[in-house]
>>> print(open('input_26.cif').read())   # mmCIF, C-alpha atoms
data_query
loop_
_atom_site.group_PDB
_atom_site.id
_atom_site.type_symbol
_atom_site.label_atom_id
_atom_site.label_comp_id
_atom_site.auth_asym_id
_atom_site.auth_seq_id
_atom_site.Cartn_x
_atom_site.Cartn_y
_atom_site.Cartn_z
ATOM 1 C CA MET S 1 -15.100 39.654 -87.025
ATOM 2 C CA THR S 2 -16.748 37.519 -84.329
ATOM 3 C CA ARG S 3 -20.182 35.872 -84.361
ATOM 4 C CA ARG S 4 -22.107 37.073 -81.337
ATOM 5 C CA ALA S 5 -25.395 35.850 -79.864
ATOM 6 C CA VAL S 6 -27.355 39.104 -79.507
ATOM 7 C CA VAL S 7 -30.599 39.466 -77.542
ATOM 8 C CA LYS S 8 -33.372 40.601 -79.869
ATOM 9 C CA GLY S 9 -36.406 39.971 -77.729
ATOM 10 C CA VAL S 10 -37.404 39.100 -74.196
ATOM 11 C CA GLY S 11 -40.671 38.072 -72.589
ATOM 12 C CA HIS S 12 -42.135 36.495 -69.483
ATOM 13 C CA TYR S 13 -45.278 34.901 -68.149
ATOM 14 C CA LEU S 14 -46.638 34.534 -64.621
ATOM 15 C CA PRO S 15 -49.653 32.417 -63.641
ATOM 16 C CA GLN S 16 -52.736 34.346 -62.593
ATOM 17 C CA ARG S 17 -52.833 33.078 -59.006
ATOM 18 C CA VAL S 18 -50.833 35.234 -56.593
ATOM 19 C CA VAL S 19 -50.020 33.677 -53.219
ATOM 20 C CA PRO S 20 -49.069 36.136 -50.452
ATOM 21 C CA ASN S 21 -47.039 35.033 -47.446
ATOM 22 C CA SER S 22 -50.116 35.320 -45.268
ATOM 23 C CA GLU S 23 -51.642 32.310 -47.002
ATOM 24 C CA PHE S 24 -49.026 30.054 -45.405
ATOM 25 C CA GLU S 25 -49.977 31.240 -41.922
ATOM 26 C CA LYS S 26 -53.140 29.120 -42.183
ATOM 27 C CA SER S 27 -51.275 25.807 -42.357
ATOM 28 C CA LEU S 28 -47.708 26.378 -41.124
ATOM 29 C CA ASP S 29 -45.965 27.723 -38.046
ATOM 30 C CA THR S 30 -44.810 30.820 -39.898
ATOM 31 C CA THR S 31 -45.660 34.483 -40.446
ATOM 32 C CA ASP S 32 -45.371 37.016 -43.220
ATOM 33 C CA GLU S 33 -42.624 38.798 -41.276
ATOM 34 C CA TRP S 34 -40.677 35.550 -40.695
ATOM 35 C CA ILE S 35 -40.677 34.746 -44.424
ATOM 36 C CA LYS S 36 -39.778 38.300 -45.482
ATOM 37 C CA SER S 37 -36.964 38.647 -42.954
ATOM 38 C CA ARG S 38 -35.279 35.414 -44.039
ATOM 39 C CA SER S 39 -35.870 35.486 -47.776
ATOM 40 C CA GLY S 40 -37.150 38.878 -48.911
ATOM 41 C CA ILE S 41 -40.132 37.128 -50.492
ATOM 42 C CA GLU S 42 -43.564 38.728 -50.106
ATOM 43 C CA ARG S 43 -45.590 36.839 -52.707
ATOM 44 C CA ARG S 44 -45.276 34.323 -55.523
ATOM 45 C CA HIS S 45 -47.370 32.901 -58.372
ATOM 46 C CA PHE S 46 -48.695 29.331 -58.552
ATOM 47 C CA ALA S 47 -49.803 27.648 -61.747
ATOM 48 C CA ALA S 48 -53.434 26.622 -62.149
ATOM 49 C CA LYS S 49 -54.276 22.923 -62.069
ATOM 50 C CA ASP S 50 -54.500 22.781 -65.854
ATOM 51 C CA GLU S 51 -51.311 24.832 -66.484
ATOM 52 C CA THR S 52 -48.089 22.989 -67.270
ATOM 53 C CA THR S 53 -44.491 24.116 -67.464
ATOM 54 C CA SER S 54 -44.618 24.041 -71.267
ATOM 55 C CA ASP S 55 -47.734 26.254 -71.187
ATOM 56 C CA LEU S 56 -45.886 28.883 -69.153
ATOM 57 C CA ALA S 57 -42.849 28.580 -71.408
ATOM 58 C CA ALA S 58 -44.907 28.973 -74.583
ATOM 59 C CA HIS S 59 -46.517 32.195 -73.295
ATOM 60 C CA ALA S 60 -43.103 33.668 -72.472
ATOM 61 C CA ALA S 61 -41.699 32.536 -75.827
ATOM 62 C CA THR S 62 -44.566 34.182 -77.714
ATOM 63 C CA ALA S 63 -43.912 37.471 -75.934
ATOM 64 C CA ALA S 64 -40.171 37.312 -76.713
ATOM 65 C CA LEU S 65 -40.821 36.514 -80.379
ATOM 66 C CA LYS S 66 -43.202 39.454 -80.604
ATOM 67 C CA MET S 67 -40.587 41.845 -79.231
ATOM 68 C CA ALA S 68 -38.003 40.423 -81.628
ATOM 69 C CA GLY S 69 -40.394 40.805 -84.554
ATOM 70 C CA LEU S 70 -39.878 37.189 -85.600
ATOM 71 C CA ASP S 71 -42.190 34.415 -86.700
ATOM 72 C CA ALA S 72 -41.805 31.185 -84.752
ATOM 73 C CA ASN S 73 -40.489 29.368 -87.835
ATOM 74 C CA GLU S 74 -37.577 31.812 -88.079
ATOM 75 C CA ILE S 75 -36.107 30.147 -84.972
ATOM 76 C CA ASP S 76 -33.438 27.479 -85.600
ATOM 77 C CA ALA S 77 -33.229 26.019 -82.081
ATOM 78 C CA ILE S 78 -35.320 26.006 -78.912
ATOM 79 C CA ILE S 79 -33.734 25.347 -75.505
ATOM 80 C CA VAL S 80 -35.842 25.068 -72.366
ATOM 81 C CA ALA S 81 -34.148 25.140 -68.963
ATOM 82 C CA THR S 82 -36.375 23.348 -66.464
ATOM 83 C CA SER S 83 -36.406 20.819 -63.647
ATOM 84 C CA THR S 84 -40.187 20.464 -63.736
ATOM 85 C CA ALA S 85 -40.958 19.342 -67.280
ATOM 86 C CA ASP S 86 -44.533 18.203 -67.998
ATOM 87 C CA LEU S 87 -43.409 14.588 -68.492
ATOM 88 C CA THR S 88 -40.235 12.535 -68.071
ATOM 89 C CA PHE S 89 -40.127 12.660 -71.860
ATOM 90 C CA PRO S 90 -40.511 14.062 -74.428
ATOM 91 C CA SER S 91 -38.755 17.320 -73.630
ATOM 92 C CA ALA S 92 -40.683 20.404 -72.632
ATOM 93 C CA ALA S 93 -38.888 22.140 -75.499
ATOM 94 C CA THR S 94 -40.596 19.983 -78.118
ATOM 95 C CA MET S 95 -43.942 20.719 -76.480
ATOM 96 C CA VAL S 96 -43.192 24.456 -76.610
ATOM 97 C CA GLN S 97 -42.156 24.071 -80.244
ATOM 98 C CA ASN S 98 -45.574 22.642 -81.058
ATOM 99 C CA LYS S 99 -47.482 25.227 -79.005
ATOM 100 C CA ILE S 100 -45.824 28.215 -80.693
ATOM 101 C CA GLY S 101 -46.265 26.692 -84.167
ATOM 102 C CA ASN S 102 -42.628 26.019 -85.026
ATOM 103 C CA THR S 103 -41.971 23.051 -87.346
ATOM 104 C CA THR S 104 -38.387 23.752 -88.402
ATOM 105 C CA ALA S 105 -36.232 24.032 -85.249
ATOM 106 C CA TYR S 106 -34.516 21.375 -83.161
ATOM 107 C CA ALA S 107 -35.556 21.511 -79.520
ATOM 108 C CA PHE S 108 -34.167 20.143 -76.268
ATOM 109 C CA ASP S 109 -34.171 20.680 -72.499
ATOM 110 C CA VAL S 110 -31.316 21.580 -70.162
ATOM 111 C CA GLN S 111 -31.530 20.462 -66.529
ATOM 112 C CA ALA S 112 -29.265 22.277 -64.089
ATOM 113 C CA VAL S 113 -31.963 23.291 -61.598
ATOM 114 C CA CYS S 114 -31.670 26.962 -60.579
ATOM 115 C CA ALA S 115 -28.547 27.372 -62.723
ATOM 116 C CA GLY S 116 -30.426 25.965 -65.714
ATOM 117 C CA PHE S 117 -30.886 29.230 -67.579
ATOM 118 C CA VAL S 118 -27.191 30.112 -67.360
ATOM 119 C CA PHE S 119 -26.342 26.656 -68.752
ATOM 120 C CA ALA S 120 -28.986 27.000 -71.483
ATOM 121 C CA LEU S 121 -27.785 30.477 -72.454
ATOM 122 C CA THR S 122 -24.209 29.204 -72.656
ATOM 123 C CA ASN S 123 -25.327 26.361 -74.938
ATOM 124 C CA ALA S 124 -27.298 28.771 -77.119
ATOM 125 C CA ASN S 125 -24.259 31.013 -77.411
ATOM 126 C CA ALA S 126 -22.130 28.039 -78.452
ATOM 127 C CA LEU S 127 -24.638 27.041 -81.145
ATOM 128 C CA ILE S 128 -24.601 30.539 -82.605
ATOM 129 C CA ALA S 129 -20.852 31.076 -82.274
ATOM 130 C CA SER S 130 -20.157 27.766 -84.044
ATOM 131 C CA GLY S 131 -22.627 28.429 -86.840
ATOM 132 C CA GLN S 132 -24.974 25.597 -85.858
ATOM 133 C CA ALA S 133 -27.813 28.119 -85.527
ATOM 134 C CA ASP S 134 -28.516 31.706 -86.486
ATOM 135 C CA SER S 135 -31.423 32.227 -84.098
ATOM 136 C CA VAL S 136 -32.134 30.496 -80.791
ATOM 137 C CA LEU S 137 -35.068 30.755 -78.403
ATOM 138 C CA VAL S 138 -33.879 30.247 -74.806
ATOM 139 C CA ILE S 139 -36.504 29.729 -72.120
ATOM 140 C CA GLY S 140 -36.455 29.161 -68.369
ATOM 141 C CA ALA S 141 -39.735 27.761 -67.048
ATOM 142 C CA GLU S 142 -40.783 26.042 -63.828
ATOM 143 C CA THR S 143 -43.777 24.807 -61.851
ATOM 144 C CA PHE S 144 -42.014 24.172 -58.555
ATOM 145 C CA SER S 145 -45.343 24.305 -56.729
ATOM 146 C CA ARG S 146 -45.801 20.728 -57.997
ATOM 147 C CA ILE S 147 -42.798 19.380 -56.050
ATOM 148 C CA MET S 148 -43.221 21.136 -52.696
ATOM 149 C CA ASP S 149 -43.576 19.462 -49.327
ATOM 150 C CA TRP S 150 -46.300 21.685 -47.871
ATOM 151 C CA THR S 151 -45.359 20.680 -44.321
ATOM 152 C CA ASP S 152 -41.771 21.963 -44.649
ATOM 153 C CA ARG S 153 -41.810 25.671 -43.864
ATOM 154 C CA GLY S 154 -38.127 25.948 -44.728
ATOM 155 C CA THR S 155 -38.744 25.236 -48.417
ATOM 156 C CA CYS S 156 -42.380 25.512 -49.477
ATOM 157 C CA VAL S 157 -42.585 29.264 -48.757
ATOM 158 C CA LEU S 158 -39.597 30.024 -50.995
ATOM 159 C CA PHE S 159 -40.602 28.850 -54.458
ATOM 160 C CA GLY S 160 -42.951 30.026 -57.182
ATOM 161 C CA ASP S 161 -43.916 29.304 -60.780
ATOM 162 C CA GLY S 162 -43.189 31.317 -63.913
ATOM 163 C CA ALA S 163 -41.307 31.554 -67.187
ATOM 164 C CA GLY S 164 -38.985 33.897 -69.033
ATOM 165 C CA ALA S 165 -37.600 33.773 -72.570
ATOM 166 C CA LEU S 166 -34.919 35.375 -74.737
ATOM 167 C CA VAL S 167 -34.563 35.400 -78.508
ATOM 168 C CA LEU S 168 -30.917 35.391 -79.620
ATOM 169 C CA LYS S 169 -29.737 36.113 -83.159
ATOM 170 C CA ALA S 170 -26.298 35.928 -84.721
ATOM 171 C CA GLU S 171 -24.601 39.234 -85.452
ATOM 172 C CA LEU S 172 -21.022 40.049 -86.365
ATOM 173 C CA GLY S 173 -19.011 42.009 -83.839
ATOM 174 C CA ASP S 174 -15.449 43.270 -83.598
ATOM 175 C CA GLY S 175 -14.482 40.670 -81.018
ATOM 176 C CA THR S 176 -14.188 43.211 -78.197
ATOM 177 C CA ALA S 177 -16.103 43.803 -74.984
ATOM 178 C CA ASN S 178 -17.931 46.635 -76.751
ATOM 179 C CA ASP S 179 -19.819 44.153 -78.927
ATOM 180 C CA ARG S 180 -23.469 43.506 -78.255
ATOM 181 C CA GLY S 181 -24.375 39.951 -77.274
ATOM 182 C CA VAL S 182 -22.923 37.240 -75.084
ATOM 183 C CA LEU S 183 -19.306 38.115 -74.303
ATOM 184 C CA ALA S 184 -18.197 35.276 -72.013
ATOM 185 C CA CYS S 185 -19.545 32.374 -69.967
ATOM 186 C CA ASP S 186 -18.344 30.398 -66.958
ATOM 187 C CA LEU S 187 -19.908 27.077 -65.910
ATOM 188 C CA ASN S 188 -19.157 24.836 -62.921
ATOM 189 C CA SER S 189 -20.507 21.830 -61.048
ATOM 190 C CA ASP S 190 -19.528 19.604 -58.137
ATOM 191 C CA GLY S 191 -21.522 16.421 -57.542
ATOM 192 C CA ARG S 192 -20.132 15.974 -54.039
ATOM 193 C CA TYR S 193 -22.819 18.375 -52.844
ATOM 194 C CA LYS S 194 -25.814 16.515 -54.257
ATOM 195 C CA ASP S 195 -27.450 16.079 -50.841
ATOM 196 C CA LEU S 196 -27.659 19.822 -50.194
ATOM 197 C CA LEU S 197 -30.464 20.373 -52.701
ATOM 198 C CA TYR S 198 -32.367 17.628 -54.476
ATOM 199 C CA VAL S 199 -35.747 16.042 -55.179
ATOM 200 C CA ASP S 200 -36.258 12.671 -53.507
ATOM 201 C CA GLY S 201 -37.996 11.063 -56.483
ATOM 202 C CA GLY S 202 -37.301 9.799 -59.980
ATOM 203 C CA THR S 203 -36.835 6.499 -61.774
ATOM 204 C CA SER S 204 -35.077 5.018 -58.725
ATOM 205 C CA THR S 205 -38.199 5.503 -56.595
ATOM 206 C CA ARG S 206 -40.869 5.555 -59.308
ATOM 207 C CA THR S 207 -42.298 8.674 -57.677
ATOM 208 C CA THR S 208 -42.211 12.358 -58.560
ATOM 209 C CA GLY S 209 -40.701 13.197 -55.185
ATOM 210 C CA MET S 210 -40.453 16.481 -53.305
ATOM 211 C CA LEU S 211 -37.760 19.115 -52.940
ATOM 212 C CA ARG S 212 -35.290 18.758 -50.061
ATOM 213 C CA MET S 213 -32.759 21.429 -49.108
ATOM 214 C CA GLU S 214 -30.108 22.128 -46.497
ATOM 215 C CA GLY S 215 -30.666 25.867 -46.548
ATOM 216 C CA LYS S 216 -27.737 27.013 -44.402
ATOM 217 C CA GLU S 217 -25.239 24.949 -46.378
ATOM 218 C CA VAL S 218 -26.634 26.121 -49.717
ATOM 219 C CA PHE S 219 -26.316 29.725 -48.526
ATOM 220 C CA ARG S 220 -22.718 29.149 -47.475
ATOM 221 C CA HIS S 221 -21.740 27.781 -50.876
ATOM 222 C CA ALA S 222 -23.856 30.241 -52.855
ATOM 223 C CA VAL S 223 -22.221 33.551 -51.983
ATOM 224 C CA GLU S 224 -18.641 32.412 -52.496
ATOM 225 C CA LYS S 225 -19.340 30.469 -55.699
ATOM 226 C CA LEU S 226 -21.601 33.098 -57.273
ATOM 227 C CA ALA S 227 -19.125 35.917 -56.736
ATOM 228 C CA ALA S 228 -16.233 33.821 -58.052
ATOM 229 C CA THR S 229 -18.018 32.660 -61.210
ATOM 230 C CA THR S 230 -19.195 36.200 -61.978
ATOM 231 C CA ASP S 231 -15.661 37.526 -61.651
ATOM 232 C CA ARG S 232 -14.377 34.750 -63.960
ATOM 233 C CA ALA S 233 -16.993 35.399 -66.642
ATOM 234 C CA LEU S 234 -16.220 39.121 -66.617
ATOM 235 C CA GLU S 235 -12.463 38.432 -66.618
ATOM 236 C CA LYS S 236 -12.850 36.216 -69.707
ATOM 237 C CA ALA S 237 -14.447 39.216 -71.421
ATOM 238 C CA GLY S 238 -11.650 41.511 -70.276
ATOM 239 C CA LEU S 239 -13.903 43.274 -67.788
ATOM 240 C CA THR S 240 -14.492 43.672 -64.062
ATOM 241 C CA ALA S 241 -17.604 44.196 -61.954
ATOM 242 C CA ASP S 242 -16.848 47.928 -61.977
ATOM 243 C CA ASP S 243 -17.476 47.989 -65.740
ATOM 244 C CA GLY S 244 -20.991 46.567 -65.470
ATOM 245 C CA ASP S 245 -24.299 48.380 -65.559
ATOM 246 C CA TRP S 246 -26.397 45.621 -64.014
ATOM 247 C CA VAL S 247 -26.082 42.366 -62.131
ATOM 248 C CA VAL S 248 -29.112 40.123 -62.729
ATOM 249 C CA PRO S 249 -28.787 37.313 -60.192
ATOM 250 C CA HIS S 250 -30.793 34.176 -59.653
ATOM 251 C CA GLN S 251 -33.657 35.325 -57.456
ATOM 252 C CA ALA S 252 -33.359 32.807 -54.629
ATOM 253 C CA ASN S 253 -33.046 34.828 -51.453
ATOM 254 C CA ILE S 254 -32.472 38.541 -50.822
ATOM 255 C CA ARG S 255 -29.695 37.795 -48.333
ATOM 256 C CA ILE S 256 -27.781 35.749 -50.921
ATOM 257 C CA ILE S 257 -28.303 38.513 -53.482
ATOM 258 C CA GLN S 258 -27.087 41.218 -51.093
ATOM 259 C CA SER S 259 -24.118 39.217 -49.821
ATOM 260 C CA THR S 260 -22.982 38.326 -53.339
ATOM 261 C CA ALA S 261 -23.263 41.934 -54.480
ATOM 262 C CA LYS S 262 -21.173 43.032 -51.497
ATOM 263 C CA LYS S 263 -18.522 40.426 -52.295
ATOM 264 C CA LEU S 264 -18.438 41.672 -55.902
ATOM 265 C CA GLY S 265 -18.206 45.291 -54.751
ATOM 266 C CA VAL S 266 -21.471 46.180 -56.502
ATOM 267 C CA GLU S 267 -24.001 48.563 -54.959
ATOM 268 C CA MET S 268 -27.557 47.239 -54.717
ATOM 269 C CA ASP S 269 -28.867 50.010 -56.985
ATOM 270 C CA ARG S 270 -27.085 48.150 -59.810
ATOM 271 C CA VAL S 271 -28.739 44.822 -58.975
ATOM 272 C CA ILE S 272 -32.073 43.746 -60.454
ATOM 273 C CA VAL S 273 -34.262 42.333 -57.663
ATOM 274 C CA THR S 274 -37.639 40.662 -58.255
ATOM 275 C CA VAL S 275 -37.568 37.987 -55.542
ATOM 276 C CA GLN S 276 -40.111 39.907 -53.455
ATOM 277 C CA ASP S 277 -42.790 39.433 -56.126
ATOM 278 C CA HIS S 278 -41.955 36.038 -57.625
ATOM 279 C CA GLY S 279 -40.108 33.997 -55.017
ATOM 280 C CA ASN S 280 -37.548 31.515 -56.275
ATOM 281 C CA THR S 281 -38.654 30.424 -59.758
ATOM 282 C CA SER S 282 -35.501 28.338 -60.288
ATOM 283 C CA ALA S 283 -34.435 28.290 -63.960
ATOM 284 C CA ALA S 284 -37.062 30.913 -64.785
ATOM 285 C CA SER S 285 -35.777 33.530 -62.358
ATOM 286 C CA ILE S 286 -33.060 35.186 -64.471
ATOM 287 C CA PRO S 287 -34.990 35.525 -67.754
ATOM 288 C CA LEU S 288 -38.055 36.584 -65.773
ATOM 289 C CA ALA S 289 -36.019 39.272 -63.988
ATOM 290 C CA LEU S 290 -34.463 40.404 -67.285
ATOM 291 C CA SER S 291 -37.864 40.750 -68.908
ATOM 292 C CA VAL S 292 -39.327 42.669 -65.973
ATOM 293 C CA ALA S 293 -36.293 44.979 -65.888
ATOM 294 C CA VAL S 294 -36.644 45.716 -69.609
ATOM 295 C CA ALA S 295 -40.379 46.365 -69.210
ATOM 296 C CA ASN S 296 -39.610 48.736 -66.311
ATOM 297 C CA GLY S 297 -37.102 50.681 -68.421
ATOM 298 C CA GLN S 298 -34.118 49.704 -66.272
ATOM 299 C CA ILE S 299 -32.149 47.626 -68.809
ATOM 300 C CA LYS S 300 -31.446 49.407 -72.075
ATOM 301 C CA GLN S 301 -29.592 48.529 -75.269
ATOM 302 C CA GLY S 302 -25.839 48.710 -74.775
ATOM 303 C CA ASP S 303 -25.936 47.952 -71.040
ATOM 304 C CA LEU S 304 -23.336 45.494 -69.738
ATOM 305 C CA ILE S 305 -25.000 42.758 -67.687
ATOM 306 C CA ALA S 306 -23.696 39.936 -65.532
ATOM 307 C CA THR S 307 -26.053 37.077 -64.699
ATOM 308 C CA GLU S 308 -25.244 34.393 -62.132
ATOM 309 C CA ALA S 309 -26.990 31.407 -60.579
ATOM 310 C CA ILE S 310 -26.436 28.325 -58.439
ATOM 311 C CA GLY S 311 -28.630 25.259 -58.089
ATOM 312 C CA GLY S 312 -28.750 21.616 -57.176
ATOM 313 C CA GLY S 313 -25.847 19.472 -58.239
ATOM 314 C CA LEU S 314 -24.299 21.696 -57.132
ATOM 315 C CA ALA S 315 -24.180 23.514 -60.457
ATOM 316 C CA TRP S 316 -23.370 27.189 -60.883
ATOM 317 C CA GLY S 317 -22.237 29.686 -63.473
ATOM 318 C CA ALA S 318 -22.363 33.186 -64.901
ATOM 319 C CA VAL S 319 -22.700 34.943 -68.230
ATOM 320 C CA ALA S 320 -21.460 38.391 -69.228
ATOM 321 C CA LEU S 321 -23.407 40.015 -72.058
ATOM 322 C CA ARG S 322 -24.053 43.387 -73.569
ATOM 323 C CA TRP S 323 -27.737 44.045 -74.151
#
>>> encode(input="input_26.cif", output="structure tokens")
Amino acid sequence: MTRRAVVKGVGHYLPQRVVPNSEFEKSLDTTDEWIKSRSGIERRHFAAKDETTSDLAAHAATAALKMAGLDANEIDAIIVATSTADLTFPSAATMVQNKIGNTTAYAFDVQAVCAGFVFALTNANALIASGQADSVLVIGAETFSRIMDWTDRGTCVLFGDGAGALVLKAELGDGTANDRGVLACDLNSDGRYKDLLYVDGGTSTRTTGMLRMEGKEVFRHAVEKLAATTDRALEKAGLTADDGDWVVPHQANIRIIQSTAKKLGVEMDRVIVTVQDHGNTSAASIPLALSVAVANGQIKQGDLIATEAIGGGLAWGAVALRW
């Protein structure tokens, strides 16, 4: 028998403010059509002035716990994937822990930018597989609107705020690809590409900084690396892309999503796409898309899912799981 990390609940939260592409036309040399044609994005959500990343995360966590039918204190570990934590420290995860009323778990953040949720999910799976935890709350949450350069039309129109959460519980499986839960993971990074996507602030500058990106170069790396890591994760589980029911990609750009699906040999009707409504929510994008797909009745128990993401670092990876 094999210990598996099985999804028991999922939830998401989006700030109330919806920002359509047309809003950017007032201050930038851009149009709704220009943004849609290059990214697929039509609108995104921005956090209110008094909303923090941990606030968004706590709302999503509460929804996931409700679906799982668990009290907050039944969670052994809380992992938050974010690049926009409320403070340098303490972790956003400890703030979420307090906000949901948990006093028994250990909590920590994972920072791998847009790949953060894949890294966090892999860590959660390892905790459960090794017996270090029986139940883990995994959250992706971001307020990227706080680190935008509003004069850079190549970046500020792409990102949004939001949060998504999964509750994982240990269950025994047969050790085959038919088990429910996380089946295999594949993680990668290469620090040589740091300058392609980064924030120009931190302790070295004593400023928060703003996001900087070489979009064409990120695109070039993304498609190849995302397809390769997805294939490796599925191969580790003894599967191929043909066996899957759904691909749930990082929602960065519709052209990246479409090109990666083509490289994998997956038709777009098997790909969950939410980028048009949320923009790029970085570490929140995969759990947010999963939660929306479950709410829409697309993802059902027993479905085989591949998730994949790439972010600054560069860092990238994929997870194969059965819902």
>>> resolve_selection(input="input_26.cif", expression="the PyMOL selection byres ((chain S and resi 248) around 10)", output="ChimeraX atom specification")
/S:245-247,249-251,257,270-274,285-287,289-290,293,305-309,318-319
>>> write_last_selection(input="input_26.cif", atoms="C-alpha atoms", output="short mmCIF file (atom, residue, chain, number, x, y, z; two decimals), keeping the file's coordinate frame")
data_model
loop_
_atom_site.label_atom_id
_atom_site.label_comp_id
_atom_site.auth_asym_id
_atom_site.auth_seq_id
_atom_site.Cartn_x
_atom_site.Cartn_y
_atom_site.Cartn_z
CA ASP S 245 -24.30 48.38 -65.56
CA TRP S 246 -26.40 45.62 -64.01
CA VAL S 247 -26.08 42.37 -62.13
CA PRO S 249 -28.79 37.31 -60.19
CA HIS S 250 -30.79 34.18 -59.65
CA GLN S 251 -33.66 35.33 -57.46
CA ILE S 257 -28.30 38.51 -53.48
CA ARG S 270 -27.08 48.15 -59.81
CA VAL S 271 -28.74 44.82 -58.98
CA ILE S 272 -32.07 43.75 -60.45
CA VAL S 273 -34.26 42.33 -57.66
CA THR S 274 -37.64 40.66 -58.26
CA SER S 285 -35.78 33.53 -62.36
CA ILE S 286 -33.06 35.19 -64.47
CA PRO S 287 -34.99 35.52 -67.75
CA ALA S 289 -36.02 39.27 -63.99
CA LEU S 290 -34.46 40.40 -67.28
CA ALA S 293 -36.29 44.98 -65.89
CA ILE S 305 -25.00 42.76 -67.69
CA ALA S 306 -23.70 39.94 -65.53
CA THR S 307 -26.05 37.08 -64.70
CA GLU S 308 -25.24 34.39 -62.13
CA ALA S 309 -26.99 31.41 -60.58
CA ALA S 318 -22.36 33.19 -64.90
CA VAL S 319 -22.70 34.94 -68.23
#
>>> closest_atom_pairs(input="input_26.cif", of="region 240-295 of chain S", to="region 203-222 of chain S", cutoff="10 Å", atoms="only C-alpha atoms", output="CSV")
residue,atom,partner,partner_atom,distance
S:Ala252,CA,S:Phe219,CA,9.8
S:Asn253,CA,S:Phe219,CA,8.9
S:Arg255,CA,S:Phe219,CA,8.8
S:Ile256,CA,S:Phe219,CA,6.6
S:Ile257,CA,S:Ala222,CA,9.4
S:Ser259,CA,S:Ala222,CA,9.5
S:Thr260,CA,S:Ala222,CA,8.1
>>> residues_around(input="input_26.cif", residues="region 68-82 of chain S", least_positions_apart="6", cutoff="7 Å", atoms="all atoms listed in the file", output="VMD selection string")
chain S and resid 8 to 9 92 to 93 100 to 111 113 116 to 117 120 133 to 142 167 283
>>> residues_near_point(input="input_26.cif", point="(-38.9, 37.8, -52.3)", cutoff="6 Å", atoms="all atoms listed in the file", output="count of residues only")
8
>>> resolve_selection(input="input_26.cif", expression="the PyMOL selection byres ((chain S and resi 198) around 8)", output="PyMOL selection string")
chain S and resi 194-197+199-200+211-213+312-313
>>> residues_around(input="input_26.cif", residues="Asp231 (chain S)", least_positions_apart="3", cutoff="12 Å", atoms="all atoms listed in the file", output="VMD selection string")
chain S and resid 184 to 186 224 to 228 234 to 244 247 260 to 261 263 to 266 306 to 308 317 to 320
>>> closest_residue(input="input_26.cif", among="S:Thr143, S:Ser54, S:Gln132, S:Asn123", to="Met95 (chain S)", atoms="all atoms listed in the file")
S:Ser54
>>> resolve_selection(input="input_26.cif", expression="the PyMOL selection byres ((chain S and resi 16-31) around 8)", output="list of chain:residue names")
S:Leu14, S:Pro15, S:Asp32, S:Glu33, S:Trp34, S:Ile35, S:Ile41, S:Glu42, S:Arg43, S:Arg44, S:His45, S:Phe46, S:Ala47, S:Ala48, S:Thr151, S:Arg153, S:Val157
>>> axis_aligned_box(input="input_26.cif", around="region 20-30 of chain S", padding_each_side="8 Å", output="JSON")
{"center_x": -49.0, "center_y": 31.0, "center_z": -44.2, "size_x": 24.3, "size_y": 26.3, "size_z": 28.4}
>>> atom_distance(input="input_26.cif", atom1="CA of Tyr13 (chain S)", atom2="CA of Ala57 (chain S)")
7.5 Å
>>> atom_distance(input="input_26.cif", atom1="CA of Asp269 (chain S)", atom2="CA of Ile299 (chain S)")
12.5 Å
>>> closest_residue(input="input_26.cif", among="S:Gly311, S:Gly160, S:Gly181, S:Gly131", to="Ile147 (chain S)", atoms="all atoms listed in the file")
S:Gly160
